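coords-v5.pdb follows (PDB, C-alpha atoms):
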```
ATOM      1  CA  MET A   1       7.676  15.883  20.253
ATOM      2  CA  THR A   2      10.955  17.548  21.249
ATOM      3  CA  GLN A   3      11.103  20.483  23.640
ATOM      4  CA  ASN A   4      12.151  22.776  20.791
ATOM      5  CA  ALA A   5       9.200  21.615  18.694
ATOM      6  CA  GLN A   6       6.821  22.141  21.612
ATOM      7  CA  ALA A   7       8.157  25.651  22.141
ATOM      8  CA  ASP A   8       7.667  26.490  18.474
ATOM      9  CA  THR A   9       4.018  25.393  18.546
ATOM     10  CA  GLN A  10       3.340  27.373  21.725
ATOM     11  CA  GLN A  11       4.623  30.644  20.268
ATOM     12  CA  GLN A  12       2.076  32.924  18.721
ATOM     13  CA  LYS A  13       2.187  32.606  14.952
ATOM     14  CA  PRO A  14       3.189  35.775  13.100
ATOM     15  CA  GLU A  15       0.745  37.284  10.665
ATOM     16  CA  LEU A  16       1.257  36.233   7.060
ATOM     17  CA  TRP A  17       0.687  38.356   3.965
ATOM     18  CA  THR A  18       0.561  37.154   0.365
ATOM     19  CA  THR A  19       1.674  39.284  -2.555
ATOM     20  CA  ALA A  20      -1.937  39.327  -3.794
ATOM     21  CA  ARG A  21      -3.157  40.606  -0.436
ATOM     22  CA  LEU A  22      -0.548  43.376  -0.319
ATOM     23  CA  ARG A  23      -1.348  44.463  -3.832
ATOM     24  CA  GLY A  24      -5.025  44.400  -2.960
ATOM     25  CA  GLN A  25      -4.215  47.032  -0.368
ATOM     26  CA  GLY A  26      -2.576  49.195  -3.011
ATOM     27  CA  LYS A  27       1.056  48.182  -2.514
ATOM     28  CA  SER A  28       3.201  48.112  -5.634
ATOM     29  CA  SER A  29       6.042  45.670  -6.264
ATOM     30  CA  ALA A  30       8.514  48.458  -5.494
ATOM     31  CA  GLN A  31       6.803  49.282  -2.205
ATOM     32  CA  ILE A  32       6.758  45.627  -1.172
ATOM     33  CA  ALA A  33      10.461  45.306  -1.951
ATOM     34  CA  ALA A  34      11.179  48.476   0.029
ATOM     35  CA  ALA A  35       9.229  47.179   3.023
ATOM     36  CA  VAL A  36      11.340  44.015   2.966
ATOM     37  CA  ASP A  37      14.572  46.023   2.738
ATOM     38  CA  GLU A  38      13.483  48.187   5.671
ATOM     39  CA  GLY A  39      12.581  45.130   7.783
ATOM     40  CA  LYS A  40       8.909  46.067   8.040
ATOM     41  CA  ILE A  41       7.932  42.716   6.556
ATOM     42  CA  HIS A  42       9.966  39.578   5.958
ATOM     43  CA  ARG A  43       9.985  37.193   3.008
ATOM     44  CA  VAL A  44       8.978  33.696   4.139
ATOM     45  CA  ILE A  45       8.787  31.952   0.754
ATOM     46  CA  PRO A  46       8.200  33.435  -2.710
ATOM     47  CA  GLY A  47       4.880  35.236  -2.611
ATOM     48  CA  VAL A  48       4.403  35.057   1.186
ATOM     49  CA  TYR A  49       5.576  37.587   3.770
ATOM     50  CA  SER A  50       5.580  37.705   7.557
ATOM     51  CA  THR A  51       5.352  40.426  10.165
ATOM     52  CA  GLU A  52       8.285  38.765  11.965
ATOM     53  CA  SER A  53      11.541  37.228  10.823
ATOM     54  CA  PRO A  54      10.550  33.681   9.816
ATOM     55  CA  THR A  55      12.016  30.567  11.416
ATOM     56  CA  ASP A  56      12.909  27.527   9.358
ATOM     57  CA  LEU A  57       9.892  25.779  10.851
ATOM     58  CA  LEU A  58       7.557  28.567   9.734
ATOM     59  CA  LYS A  59       8.943  28.275   6.212
ATOM     60  CA  LEU A  60       8.271  24.538   6.235
ATOM     61  CA  GLN A  61       4.739  25.105   7.538
ATOM     62  CA  VAL A  62       3.965  27.655   4.828
ATOM     63  CA  LEU A  63       5.494  25.500   2.085
ATOM     64  CA  SER A  64       3.243  22.642   3.138
ATOM     65  CA  GLN A  65       0.135  24.798   3.429
ATOM     66  CA  ARG A  66       0.659  26.250  -0.042
ATOM     67  CA  ARG A  67       0.540  22.786  -1.622
ATOM     68  CA  ARG A  68      -3.016  21.631  -2.201
ATOM     69  CA  ARG A  69      -2.244  17.957  -1.483
ATOM     70  CA  GLY A  70       0.398  18.615   1.144
ATOM     71  CA  VAL A  71       3.899  17.217   1.519
ATOM     72  CA  THR A  72       5.619  14.812   3.912
ATOM     73  CA  TYR A  73       9.099  16.003   4.831
ATOM     74  CA  THR A  74      11.895  13.441   4.666
ATOM     75  CA  GLY A  75      15.529  12.922   5.576
ATOM     76  CA  VAL A  76      17.478  15.861   7.018
ATOM     77  CA  THR A  77      14.376  18.060   6.846
ATOM     78  CA  ALA A  78      12.391  15.590   8.960
ATOM     79  CA  ALA A  79      15.377  15.370  11.319
ATOM     80  CA  HIS A  80      15.247  19.145  11.844
ATOM     81  CA  VAL A  81      11.521  19.045  12.595
ATOM     82  CA  TYR A  82      12.168  16.283  15.158
ATOM     83  CA  GLY A  83      14.847  18.480  16.735
ATOM     84  CA  LEU A  84      17.819  16.369  15.622
ATOM     85  CA  GLY A  85      19.817  18.974  13.736
ATOM     86  CA  ASP A  86      20.023  22.271  11.903
ATOM     87  CA  MET A  87      17.917  22.979   8.846
ATOM     88  CA  VAL A  88      19.531  22.524   5.466
ATOM     89  CA  TRP A  89      17.927  24.217   2.459
ATOM     90  CA  PRO A  90      16.413  23.325   0.112
ATOM     91  CA  ALA A  91      14.068  21.094   2.081
ATOM     92  CA  THR A  92      13.278  17.553   0.959
ATOM     93  CA  GLY A  93       9.832  16.026   0.869
ATOM     94  CA  ARG A  94       7.604  13.383  -0.666
ATOM     95  CA  VAL A  95       4.289  13.857  -2.429
ATOM     96  CA  ASP A  96       1.771  11.425  -3.889
ATOM     97  CA  VAL A  97       1.689  10.555  -7.564
ATOM     98  CA  LYS A  98      -1.098  13.035  -8.307
ATOM     99  CA  SER A  99       0.903  15.992  -7.032
ATOM    100  CA  SER A 100       3.323  18.211  -8.895
ATOM    101  CA  ARG A 101       7.020  17.583  -8.296
ATOM    102  CA  ASP A 102       7.805  21.266  -8.766
ATOM    103  CA  GLY A 103       8.836  22.481  -5.339
ATOM    104  CA  GLY A 104      10.432  25.715  -6.448
ATOM    105  CA  GLU A 105      13.738  26.976  -5.069
ATOM    106  CA  LEU A 106      13.066  25.849  -1.492
ATOM    107  CA  LEU A 107      11.793  22.295  -1.879
ATOM    108  CA  ILE A 108      13.104  19.168  -3.609
ATOM    109  CA  LEU A 109      10.313  16.637  -4.064
ATOM    110  CA  SER A 110      10.138  12.922  -4.729
ATOM    111  CA  VAL A 111       6.990  10.978  -5.575
ATOM    112  CA  GLY A 112       5.772   7.989  -3.627
ATOM    113  CA  ALA A 113       3.346   6.680  -1.037
ATOM    114  CA  THR A 114       3.843   7.408   2.651
ATOM    115  CA  GLU A 115       1.951   4.780   4.618
ATOM    116  CA  ARG A 116       2.754   6.194   8.058
ATOM    117  CA  ALA A 117       3.443   9.883   8.547
ATOM    118  CA  VAL A 118       3.694  11.829  11.801
ATOM    119  CA  THR A 119       2.535  15.377  12.436
ATOM    120  CA  VAL A 120       5.092  17.379  14.406
ATOM    121  CA  SER A 121       4.808  21.126  14.940
ATOM    122  CA  GLY A 122       2.115  21.385  12.310
ATOM    123  CA  VAL A 123       3.951  19.618   9.478
ATOM    124  CA  SER A 124       3.936  16.055   8.199
ATOM    125  CA  VAL A 125       7.189  14.084   8.465
ATOM    126  CA  THR A 126       8.179  10.476   7.872
ATOM    127  CA  SER A 127       7.891   8.167  10.876
ATOM    128  CA  PRO A 128      10.791   8.169  13.347
ATOM    129  CA  ILE A 129      12.073   4.781  12.190
ATOM    130  CA  GLU A 130      11.863   5.668   8.474
ATOM    131  CA  THR A 131      13.627   8.960   9.160
ATOM    132  CA  ALA A 132      16.342   7.229  11.176
ATOM    133  CA  VAL A 133      17.020   4.620   8.485
ATOM    134  CA  GLU A 134      17.343   7.318   5.833
ATOM    135  CA  LEU A 135      19.701   9.337   8.028
ATOM    136  CA  LEU A 136      21.813   6.258   8.807
ATOM    137  CA  ALA A 137      22.227   5.636   5.070
ATOM    138  CA  ALA A 138      23.360   9.263   4.746
ATOM    139  CA  GLY A 139      26.135   8.702   7.287
ATOM    140  CA  TRP A 140      24.549   9.917  10.524
ATOM    141  CA  ASP A 141      25.812   8.541  13.831
ATOM    142  CA  ARG A 142      24.145   5.228  14.669
ATOM    143  CA  LYS A 143      24.246   5.798  18.433
ATOM    144  CA  LYS A 144      22.560   9.200  18.093
ATOM    145  CA  LEU A 145      19.794   7.712  15.953
ATOM    146  CA  ARG A 146      19.174   4.861  18.395
ATOM    147  CA  THR A 147      18.870   7.392  21.236
ATOM    148  CA  PHE A 148      16.377   9.328  19.109
ATOM    149  CA  LEU A 149      14.295   6.179  18.490
ATOM    150  CA  THR A 150      14.280   5.284  22.184
ATOM    151  CA  GLY A 151      12.847   8.709  22.970
ATOM    152  CA  ARG A 152      10.257   8.706  20.198
ATOM    153  CA  TYR A 153       8.944   5.227  21.009
ATOM    154  CA  ARG A 154       8.808   5.597  24.772
ATOM    155  CA  GLY A 155       5.710   5.046  26.907
ATOM    156  CA  ALA A 156       3.123   2.310  27.243
ATOM    157  CA  LYS A 157       2.115   2.531  23.580
ATOM    158  CA  GLY A 158       5.610   2.958  22.207
ATOM    159  CA  ASN A 159       5.963  -0.610  20.990
ATOM    160  CA  ASP A 160       2.535  -0.567  19.350
ATOM    161  CA  ALA A 161       3.480   2.575  17.422
ATOM    162  CA  LEU A 162       6.853   1.109  16.466
ATOM    163  CA  ALA A 163       5.277  -2.138  15.248
ATOM    164  CA  GLU A 164       2.839  -0.210  13.048
ATOM    165  CA  ASP A 165       5.624   2.037  11.735
ATOM    166  CA  LEU A 166       7.781  -0.996  10.945
ATOM    167  CA  VAL A 167       5.232  -2.803   8.836
ATOM    168  CA  ALA A 168       4.435   0.424   6.957
ATOM    169  CA  LEU A 169       8.044   0.814   5.787
ATOM    170  CA  PRO A 170       8.921   0.250   2.144
ATOM    171  CA  PRO A 171      10.115  -3.384   1.890
ATOM    172  CA  ARG A 172      13.535  -2.304   0.651
ATOM    173  CA  ILE A 173      14.478  -0.707   4.005
ATOM    174  CA  ARG A 174      12.809  -3.079   6.481
ATOM    175  CA  LYS A 175      15.989  -5.100   6.986
ATOM    176  CA  ASP A 176      18.001  -1.933   7.696
ATOM    177  CA  ALA A 177      15.319  -0.848  10.175
ATOM    178  CA  THR A 178      15.371  -4.104  12.149
ATOM    179  CA  ASP A 179      19.188  -3.997  12.207
ATOM    180  CA  LEU A 180      19.099  -0.452  13.599
ATOM    181  CA  LEU A 181      16.605  -1.514  16.267
ATOM    182  CA  ASP A 182      18.492  -4.662  17.292
ATOM    183  CA  GLY A 183      18.650  -4.784  21.095
ATOM    184  CA  LEU A 184      17.065  -1.346  21.490
ATOM    185  CA  VAL A 185      14.784  -0.873  24.486
ATOM    186  CA  THR A 186      11.553   0.862  23.478
ATOM    187  CA  GLY A 187       8.281   1.419  25.258
ATOM    188  CA  THR A 188       7.270   0.145  28.665
ATOM    189  CA  ALA A 189       4.720  -2.456  27.572
ATOM    190  CA  SER A 190       5.400  -6.083  26.656
ATOM    191  CA  LYS A 191       7.765  -6.385  23.708
ATOM    192  CA  LEU A 192       6.465  -9.794  22.649
ATOM    193  CA  GLU A 193       4.423  -8.636  19.659
ATOM    194  CA  LEU A 194       7.172  -6.279  18.530
ATOM    195  CA  LYS A 195       9.692  -9.135  18.611
ATOM    196  CA  ALA A 196       7.369 -11.272  16.499
ATOM    197  CA  VAL A 197       6.876  -8.445  13.989
ATOM    198  CA  LYS A 198      10.623  -7.915  13.615
ATOM    199  CA  TYR A 199      11.341 -11.621  13.113
ATOM    200  CA  ILE A 200       8.510 -12.087  10.623
ATOM    201  CA  LEU A 201       9.428  -8.983   8.621
ATOM    202  CA  GLU A 202      13.006 -10.228   8.338
ATOM    203  CA  GLY A 203      11.737 -13.599   7.112
ATOM    204  CA  LEU A 204       9.417 -12.014   4.553
ATOM    205  CA  ASN A 205      12.141  -9.759   3.171
ATOM    206  CA  GLY A 206      11.835  -9.762  -0.626
ATOM    207  CA  ILE A 207       8.278 -11.114  -0.644
ATOM    208  CA  ASP A 208       5.776  -8.550  -1.936
ATOM    209  CA  VAL A 209       3.214  -8.615   0.868
ATOM    210  CA  THR A 210       1.991  -6.085   3.423
ATOM    211  CA  VAL A 211       1.911  -6.917   7.114
ATOM    212  CA  LYS A 212      -0.717  -5.098   9.168
ATOM    213  CA  VAL A 213      -0.556  -4.889  12.958
ATOM    214  CA  ASN A 214      -3.602  -4.989  15.259
ATOM    215  CA  HIS A 215      -5.941  -5.061  12.281
ATOM    216  CA  VAL A 216      -9.666  -5.810  12.453
ATOM    217  CA  VAL A 217     -10.942  -8.789  10.449
ATOM    218  CA  ALA A 218     -14.536 -10.067  10.653
ATOM    219  CA  GLY A 219     -15.185  -7.881  13.677
ATOM    220  CA  TYR A 220     -12.184  -9.092  15.677
ATOM    221  CA  ARG A 221      -8.738  -7.568  16.113
ATOM    222  CA  PHE A 222      -5.806  -9.792  15.138
ATOM    223  CA  ASP A 223      -2.136  -9.288  15.990
ATOM    224  CA  LEU A 224      -0.842  -9.601  12.419
ATOM    225  CA  VAL A 225      -2.697  -9.706   9.119
ATOM    226  CA  ILE A 226      -1.236 -10.529   5.685
ATOM    227  CA  GLU A 227      -4.128  -9.953   3.317
ATOM    228  CA  GLU A 228      -2.375 -11.045   0.103
ATOM    229  CA  ALA A 229      -1.911 -14.523   1.601
ATOM    230  CA  ASP A 230      -5.255 -14.678   3.463
ATOM    231  CA  LEU A 231      -3.238 -15.168   6.647
ATOM    232  CA  LEU A 232      -3.896 -14.123  10.235
ATOM    233  CA  ILE A 233      -1.307 -14.510  13.003
ATOM    234  CA  GLU A 234      -1.955 -14.425  16.738
ATOM    235  CA  ILE A 235       0.787 -14.146  19.363
ATOM    236  CA  ASP A 236      -0.581 -15.784  22.531
ATOM    237  CA  SER A 237       1.348 -14.841  25.633
ATOM    238  CA  PHE A 238       0.749 -17.007  28.699
ATOM    239  CA  THR A 239      -0.053 -13.891  30.709
ATOM    240  CA  PHE A 240      -3.218 -13.164  28.752
ATOM    241  CA  HIS A 241      -4.116 -16.555  27.287
ATOM    242  CA  GLY A 242      -2.844 -19.140  29.779
ATOM    243  CA  PRO A 243      -4.973 -20.971  32.352
ATOM    244  CA  SER A 244      -3.470 -19.035  35.264
ATOM    245  CA  GLY A 245      -2.950 -15.664  33.612
ATOM    246  CA  ARG A 246      -3.744 -12.319  35.206
ATOM    247  CA  GLU A 247      -6.731 -11.719  32.994
ATOM    248  CA  SER A 248      -9.984 -13.611  33.200
ATOM    249  CA  ALA A 249      -8.608 -16.822  31.713
ATOM    250  CA  GLU A 250     -11.953 -18.534  31.117
ATOM    251  CA  ARG A 251     -13.410 -15.518  29.364
ATOM    252  CA  THR A 252     -10.287 -15.039  27.202
ATOM    253  CA  PHE A 253     -10.178 -18.720  26.301
ATOM    254  CA  GLU A 254     -13.875 -18.721  25.313
ATOM    255  CA  LEU A 255     -13.571 -15.525  23.299
ATOM    256  CA  ASP A 256     -10.466 -16.738  21.441
ATOM    257  CA  ARG A 257     -12.268 -19.862  20.263
ATOM    258  CA  TRP A 258     -15.141 -17.897  18.715
ATOM    259  CA  LYS A 259     -12.699 -15.383  17.284
ATOM    260  CA  GLY A 260     -10.735 -18.121  15.512
ATOM    261  CA  ASN A 261     -13.866 -19.894  14.283
ATOM    262  CA  THR A 262     -15.256 -16.734  12.730
ATOM    263  CA  ALA A 263     -11.954 -15.938  11.008
ATOM    264  CA  VAL A 264     -11.763 -19.412   9.446
ATOM    265  CA  ARG A 265     -15.402 -19.278   8.358
ATOM    266  CA  ALA A 266     -14.667 -15.895   6.775
ATOM    267  CA  GLY A 267     -12.052 -17.546   4.560
ATOM    268  CA  TRP A 268      -8.820 -16.799   6.415
ATOM    269  CA  GLU A 269      -6.025 -19.105   7.505
ATOM    270  CA  LEU A 270      -5.015 -18.670  11.154
ATOM    271  CA  LEU A 271      -1.631 -19.381  12.743
ATOM    272  CA  ARG A 272      -1.079 -19.064  16.506
ATOM    273  CA  PHE A 273       2.262 -18.929  18.324
ATOM    274  CA  THR A 274       3.045 -18.809  22.027
ATOM    275  CA  GLY A 275       5.226 -16.281  23.757
ATOM    276  CA  ASP A 276       7.839 -18.948  24.437
ATOM    277  CA  THR A 277       8.071 -19.719  20.718
ATOM    278  CA  VAL A 278       8.672 -16.040  19.947
ATOM    279  CA  ARG A 279      11.321 -15.783  22.679
ATOM    280  CA  TRP A 280      13.201 -19.044  22.289
ATOM    281  CA  LEU A 281      12.295 -20.592  18.921
ATOM    282  CA  PRO A 282      11.523 -17.675  16.616
ATOM    283  CA  GLU A 283      13.059 -19.477  13.642
ATOM    284  CA  HIS A 284      10.267 -22.093  13.810
ATOM    285  CA  MET A 285       7.596 -19.371  13.806
ATOM    286  CA  VAL A 286       9.239 -17.556  10.896
ATOM    287  CA  GLU A 287       9.677 -20.746   8.870
ATOM    288  CA  MET A 288       6.003 -21.636   9.209
ATOM    289  CA  VAL A 289       4.801 -18.099   8.424
ATOM    290  CA  VAL A 290       7.041 -17.690   5.378
ATOM    291  CA  ASP A 291       6.186 -21.133   4.020
ATOM    292  CA  THR A 292       2.464 -20.460   4.498
ATOM    293  CA  VAL A 293       2.710 -17.093   2.747
ATOM    294  CA  ARG A 294       4.666 -18.528  -0.176
ATOM    295  CA  TYR A 295       2.305 -21.481  -0.526
ATOM    296  CA  ASN A 296      -0.837 -19.339  -0.382
ATOM    297  CA  LEU A 297       0.590 -16.903  -2.933
ATOM    298  CA  ARG A 298       1.366 -19.791  -5.291
ATOM    299  CA  HIS A 299      -1.996 -21.455  -4.713
ATOM    300  CA  PRO A 300      -4.644 -18.782  -4.132
ATOM    301  CA  ARG A 301      -7.894 -20.116  -2.779
ATOM    302  CA  THR A 302     -10.649 -20.620  -5.292
ATOM    303  CA  ARG A 303     -13.379 -20.774  -2.675
ATOM    304  CA  ARG A 304     -15.440 -17.607  -2.601
ATOM    305  CA  ARG A 305     -15.445 -15.730   0.687
ATOM    306  CA  ARG A 306     -18.740 -15.341   2.486
ATOM    307  CA  THR A 307     -20.678 -12.140   2.057
ATOM    308  CA  LEU A 308     -22.157 -10.365   5.071
ATOM    309  CA  LYS A 309     -25.563 -11.876   4.303
ATOM    310  CA  GLU A 310     -24.087 -15.369   4.499
ATOM    311  CA  PHE A 311     -22.700 -15.013   8.008
ATOM    312  CA  LEU A 312     -24.544 -16.337  11.026
ATOM    313  CA  PHE A 313     -25.512 -14.182  13.974
ATOM    314  CA  LEU A 314     -22.911 -16.215  15.857
ATOM    315  CA  ASP A 315     -20.188 -14.764  13.632
ATOM    316  CA  ASN A 316     -20.627 -11.369  15.284
ATOM    317  CA  PRO A 317     -18.003 -10.570  17.979
ATOM    318  CA  ALA A 318     -18.843 -12.979  20.801
ATOM    319  CA  GLN A 319     -18.548 -10.410  23.582
ATOM    320  CA  TYR A 320     -21.758  -8.839  22.288
ATOM    321  CA  TRP A 321     -23.978 -11.938  22.351
ATOM    322  CA  HIS A 322     -22.331 -14.780  24.319
ATOM    323  CA  ALA A 323     -24.160 -15.481  27.589
ATOM    324  CA  LEU A 324     -20.905 -16.304  29.392
ATOM    325  CA  LEU A 325     -19.087 -13.140  28.315
ATOM    326  CA  LYS A 326     -19.678  -9.789  29.943
ATOM    327  CA  PRO A 327     -21.282  -7.256  27.573
ATOM    328  CA  SER A 328     -18.878  -4.555  28.755
ATOM    329  CA  SER A 329     -15.805  -6.648  27.968
ATOM    330  CA  ARG A 330     -13.427  -5.655  25.234
ATOM    331  CA  LEU A 331     -10.971  -7.591  23.097
TER
END
```

Will you turn the file into C-alpha cells for me?
Amino acid sequence: MTQNAQADTQQQKPELWTTARLRGQGKSSAQIAAAVDEGKIHRVIPGVYSTESPTDLLKLQVLSQRRRRGVTYTGVTAAHVYGLGDMVWPATGRVDVKSSRDGGELLILSVGATERAVTVSGVSVTSPIETAVELLAAGWDRKKLRTFLTGRYRGAKGNDALAEDLVALPPRIRKDATDLLDGLVTGTASKLELKAVKYILEGLNGIDVTVKVNHVVAGYRFDLVIEEADLLIEIDSFTFHGPSGRESAERTFELDRWKGNTAVRAGWELLRFTGDTVRWLPEHMVEMVVDTVRYNLRHPRTRRRRTLKEFLFLDNPAQYWHALLKPSSRL
C-alpha cells in the first residue's frame, strides 16, 4: 500500500447521508440543494452526500459500496488507488456477469471474471501486474511501471504473490506480463519457482489451461497444478531437496516419495525438475511440460479417479502418520 493510500485509510471517515435519509428528516429537494450550494453538505455521488468535501477515493469507496455485488477497479482508476497518478473520471471497473453494467455518470463498467483482486484503501482493484500491463498498453512509461511492480512485490512473500497473480491473468496478456517483468528483481526469497512459472506460462501461451501455484492436491501442496491436463509439477531445488541441503534432507526425501506416490494413485501425472534445469535448461522443462499438456488434452484418461473411500490410510499426508517423520513438521 502506498503512503498516500495508508494516510487515506487512517483519516476519520466523514459522515455520509443518503437522499432518503435527508428526506426522512424532513428535508425537501430544494433544501438539500441549498445545503449543497452553501457548503453545509457535499455531493459524493448521485444520492449520497458527505459532511466534508469528498476525495476521489471516498467517491470510489461509495460507488463500490452502493453496488450489491461490488466492483473491481481497473486501468487508470486502479493506478490512482495504488498511488500512481491523478484520478480521471469517469472511473473504470469490472463486474461479474450477473451484475448490471449500468455504472451511471461516474463509472464505466466491463463484464468479466477477476481471478485475483487486491483490496487497497477499502476498494477492490486489479492485481499490480494486471494493472501494469493494462497501463503499458495505454502508453504509460515502462520504467515507471517496473518500479511500481518492484515496490508492490517486495518482501519475503513477494515472489509467491507475483507467481499467483501471473497465473491468474487472462491468457491474452500473460506474454505481455512476462515481457514487462523480464529481468525485474522482486521479493527477497528464492526466485526459482517464479522463473519456472514465467517460462511455463510463455510455453503454454495460446493453450486454454489454468496454471495454479502452490495448490493442494490429495492433501499435499504442489508447486504447479494444471487440472485440465491432470498434471502436477514440482520444482526441486538442491537447497531443500538435495542430500546436503539446509533442511532435514532425510525427512524431505522421505516425505517427497509419499507425496508423489499419493498424487499418482489419485490419478495425476507428476513431472519434477531441478533448480539447475530451471536456471540453465529451461527450454527442456518447457518442452516436456507443453508436450505433456497437449498430449493429455488430446488423450484424456479414461480411468476413473479414486474416491475418498478408495484411498488407503497411507494416502493421508505422511507427516501425520509416518513413524520417521516428526508430527509437528510441515510441508

Under the rule of at most 10 Å, produce a per-residue listing of segment 259-316 of chain A near segment 203-208 of chain A: chain, number, name, the closest pair of atoms, and the distance in Å, as a Markdown table, using all atoms listed in the file.
```
| residue | atom | partner | partner_atom | distance |
| --- | --- | --- | --- | --- |
| A:Glu283 | CA | A:Gly203 | CA | 8.9 |
| A:Met285 | CA | A:Gly203 | CA | 9.8 |
| A:Val286 | CA | A:Gly203 | CA | 6.0 |
| A:Glu287 | CA | A:Gly203 | CA | 7.6 |
| A:Val289 | CA | A:Gly203 | CA | 8.4 |
| A:Val290 | CA | A:Leu204 | CA | 6.2 |
| A:Asp291 | CA | A:Leu204 | CA | 9.7 |
| A:Val293 | CA | A:Leu204 | CA | 8.6 |
| A:Arg294 | CA | A:Ile207 | CA | 8.3 |
| A:Leu297 | CA | A:Asp208 | CA | 9.9 |
```

Create the file for the chosen residues now, containing C-alpha atoms and written as a short mmCIF file (atom, residue, chain, number, x, y, z; two decimals), keeping the file's coordinate frame.
```cif
data_model
loop_
_atom_site.label_atom_id
_atom_site.label_comp_id
_atom_site.auth_asym_id
_atom_site.auth_seq_id
_atom_site.Cartn_x
_atom_site.Cartn_y
_atom_site.Cartn_z
CA GLU A 283 13.06 -19.48 13.64
CA MET A 285 7.60 -19.37 13.81
CA VAL A 286 9.24 -17.56 10.90
CA GLU A 287 9.68 -20.75 8.87
CA VAL A 289 4.80 -18.10 8.42
CA VAL A 290 7.04 -17.69 5.38
CA ASP A 291 6.19 -21.13 4.02
CA VAL A 293 2.71 -17.09 2.75
CA ARG A 294 4.67 -18.53 -0.18
CA LEU A 297 0.59 -16.90 -2.93
#
```

Could you work out how far atom CA of Val44 of chain A lies from atom CA of Ser99 of chain A, giving the answer in Å with one decimal?
22.4 Å

For the PyMOL selection byres ((chain A and resi 266-275) around 10), applied here, can you spell out every residue it catches as a PyMOL selection string?
chain A and resi 192-193+195-196+217-218+222-227+229-239+241-242+260-265+276-282+284-285+288-289+292+296+301+303-308+310-311+315

Output C-alpha atoms for every residue in the selection just made, as a compact mmCIF listing (two decimals), in the coordinates of the input.
```
# COMPACT_ATOMS: atom_id res chain seq x y z
CA LEU A 192 6.46 -9.79 22.65
CA GLU A 193 4.42 -8.64 19.66
CA LYS A 195 9.69 -9.14 18.61
CA ALA A 196 7.37 -11.27 16.50
CA VAL A 217 -10.94 -8.79 10.45
CA ALA A 218 -14.54 -10.07 10.65
CA PHE A 222 -5.81 -9.79 15.14
CA ASP A 223 -2.14 -9.29 15.99
CA LEU A 224 -0.84 -9.60 12.42
CA VAL A 225 -2.70 -9.71 9.12
CA ILE A 226 -1.24 -10.53 5.68
CA GLU A 227 -4.13 -9.95 3.32
CA ALA A 229 -1.91 -14.52 1.60
CA ASP A 230 -5.26 -14.68 3.46
CA LEU A 231 -3.24 -15.17 6.65
CA LEU A 232 -3.90 -14.12 10.24
CA ILE A 233 -1.31 -14.51 13.00
CA GLU A 234 -1.96 -14.42 16.74
CA ILE A 235 0.79 -14.15 19.36
CA ASP A 236 -0.58 -15.78 22.53
CA SER A 237 1.35 -14.84 25.63
CA PHE A 238 0.75 -17.01 28.70
CA THR A 239 -0.05 -13.89 30.71
CA HIS A 241 -4.12 -16.56 27.29
CA GLY A 242 -2.84 -19.14 29.78
CA GLY A 260 -10.74 -18.12 15.51
CA ASN A 261 -13.87 -19.89 14.28
CA THR A 262 -15.26 -16.73 12.73
CA ALA A 263 -11.95 -15.94 11.01
CA VAL A 264 -11.76 -19.41 9.45
CA ARG A 265 -15.40 -19.28 8.36
CA ASP A 276 7.84 -18.95 24.44
CA THR A 277 8.07 -19.72 20.72
CA VAL A 278 8.67 -16.04 19.95
CA ARG A 279 11.32 -15.78 22.68
CA TRP A 280 13.20 -19.04 22.29
CA LEU A 281 12.30 -20.59 18.92
CA PRO A 282 11.52 -17.68 16.62
CA HIS A 284 10.27 -22.09 13.81
CA MET A 285 7.60 -19.37 13.81
CA MET A 288 6.00 -21.64 9.21
CA VAL A 289 4.80 -18.10 8.42
CA THR A 292 2.46 -20.46 4.50
CA ASN A 296 -0.84 -19.34 -0.38
CA ARG A 301 -7.89 -20.12 -2.78
CA ARG A 303 -13.38 -20.77 -2.68
CA ARG A 304 -15.44 -17.61 -2.60
CA ARG A 305 -15.44 -15.73 0.69
CA ARG A 306 -18.74 -15.34 2.49
CA THR A 307 -20.68 -12.14 2.06
CA LEU A 308 -22.16 -10.36 5.07
CA GLU A 310 -24.09 -15.37 4.50
CA PHE A 311 -22.70 -15.01 8.01
CA ASP A 315 -20.19 -14.76 13.63
```

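Atom CA of Thr55 of chain A lies 17.9 Å from atom CA of Thr119 of chain A.
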
Quick one: apply the PyMOL selection byres ((chain A and resi 68) around 12) to the file and drop the selected residues here as a list of chain:residue names.
A:Val62, A:Leu63, A:Ser64, A:Gln65, A:Arg66, A:Arg67, A:Arg69, A:Gly70, A:Val71, A:Val95, A:Asp96, A:Lys98, A:Ser99, A:Ser100

Do you know which residues the PyMOL selection byres ((chain A and resi 167) around 8) returns on this file, as a PyMOL selection string?
chain A and resi 163-166+168-169+174+197+201+210-213

Which polymer residues, protein or nucleic acid, are no farther than 7 Å from (5.8, 41.5, 10.4), counting all atoms listed in the file, as a PyMOL selection string?
chain A and resi 14-15+40-42+50-52

Could you check how far atom CA of Pro317 of chain A sits from atom CA of Ile200 of chain A, in Å to one decimal?
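For atom CA of Pro317 of chain A relative to atom CA of Ile200 of chain A, the distance reads 27.6 Å.
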
Near Leu162 of chain A, counting only C-alpha atoms, which residues have an atom at most 12 Å away, once you skip same-chain residues fewer than 5 positions from it, shown as a ChimeraX atom specification?
/A:116,127-130,149-157,167-169,177-178,181,184-187,189,191,193-195,197-198,213

Report as a VMD selection string all protein, DNA and RNA residues lying within 6 Å of segment 73-75 of chain A, evaluated on only C-alpha atoms, omitting residues in the same chain fewer than 5 positions from it.
chain A and resid 92 to 93 125 to 126 131 134

Take the point (-2.2, 39.8, -3.3) in the file's coordinates, draw a sphere of radius 12 Å around it, and report as number ranges by chain every protein, DNA or RNA residue with an atom inside or on it, counting all atoms listed in the file.
A: 16-29, 32, 47-49

For segment 98-111 of chain A, take all atoms listed in the file, fit an axis-aligned box around them, add 6 Å to each of the six sides, then output centre and edge lengths in Å rounded to one decimal, as AutoDock Vina command-line options.
```
--center_x 6.3 --center_y 19.0 --center_z -5.2 --size_x 26.8 --size_y 28.0 --size_z 19.4
```
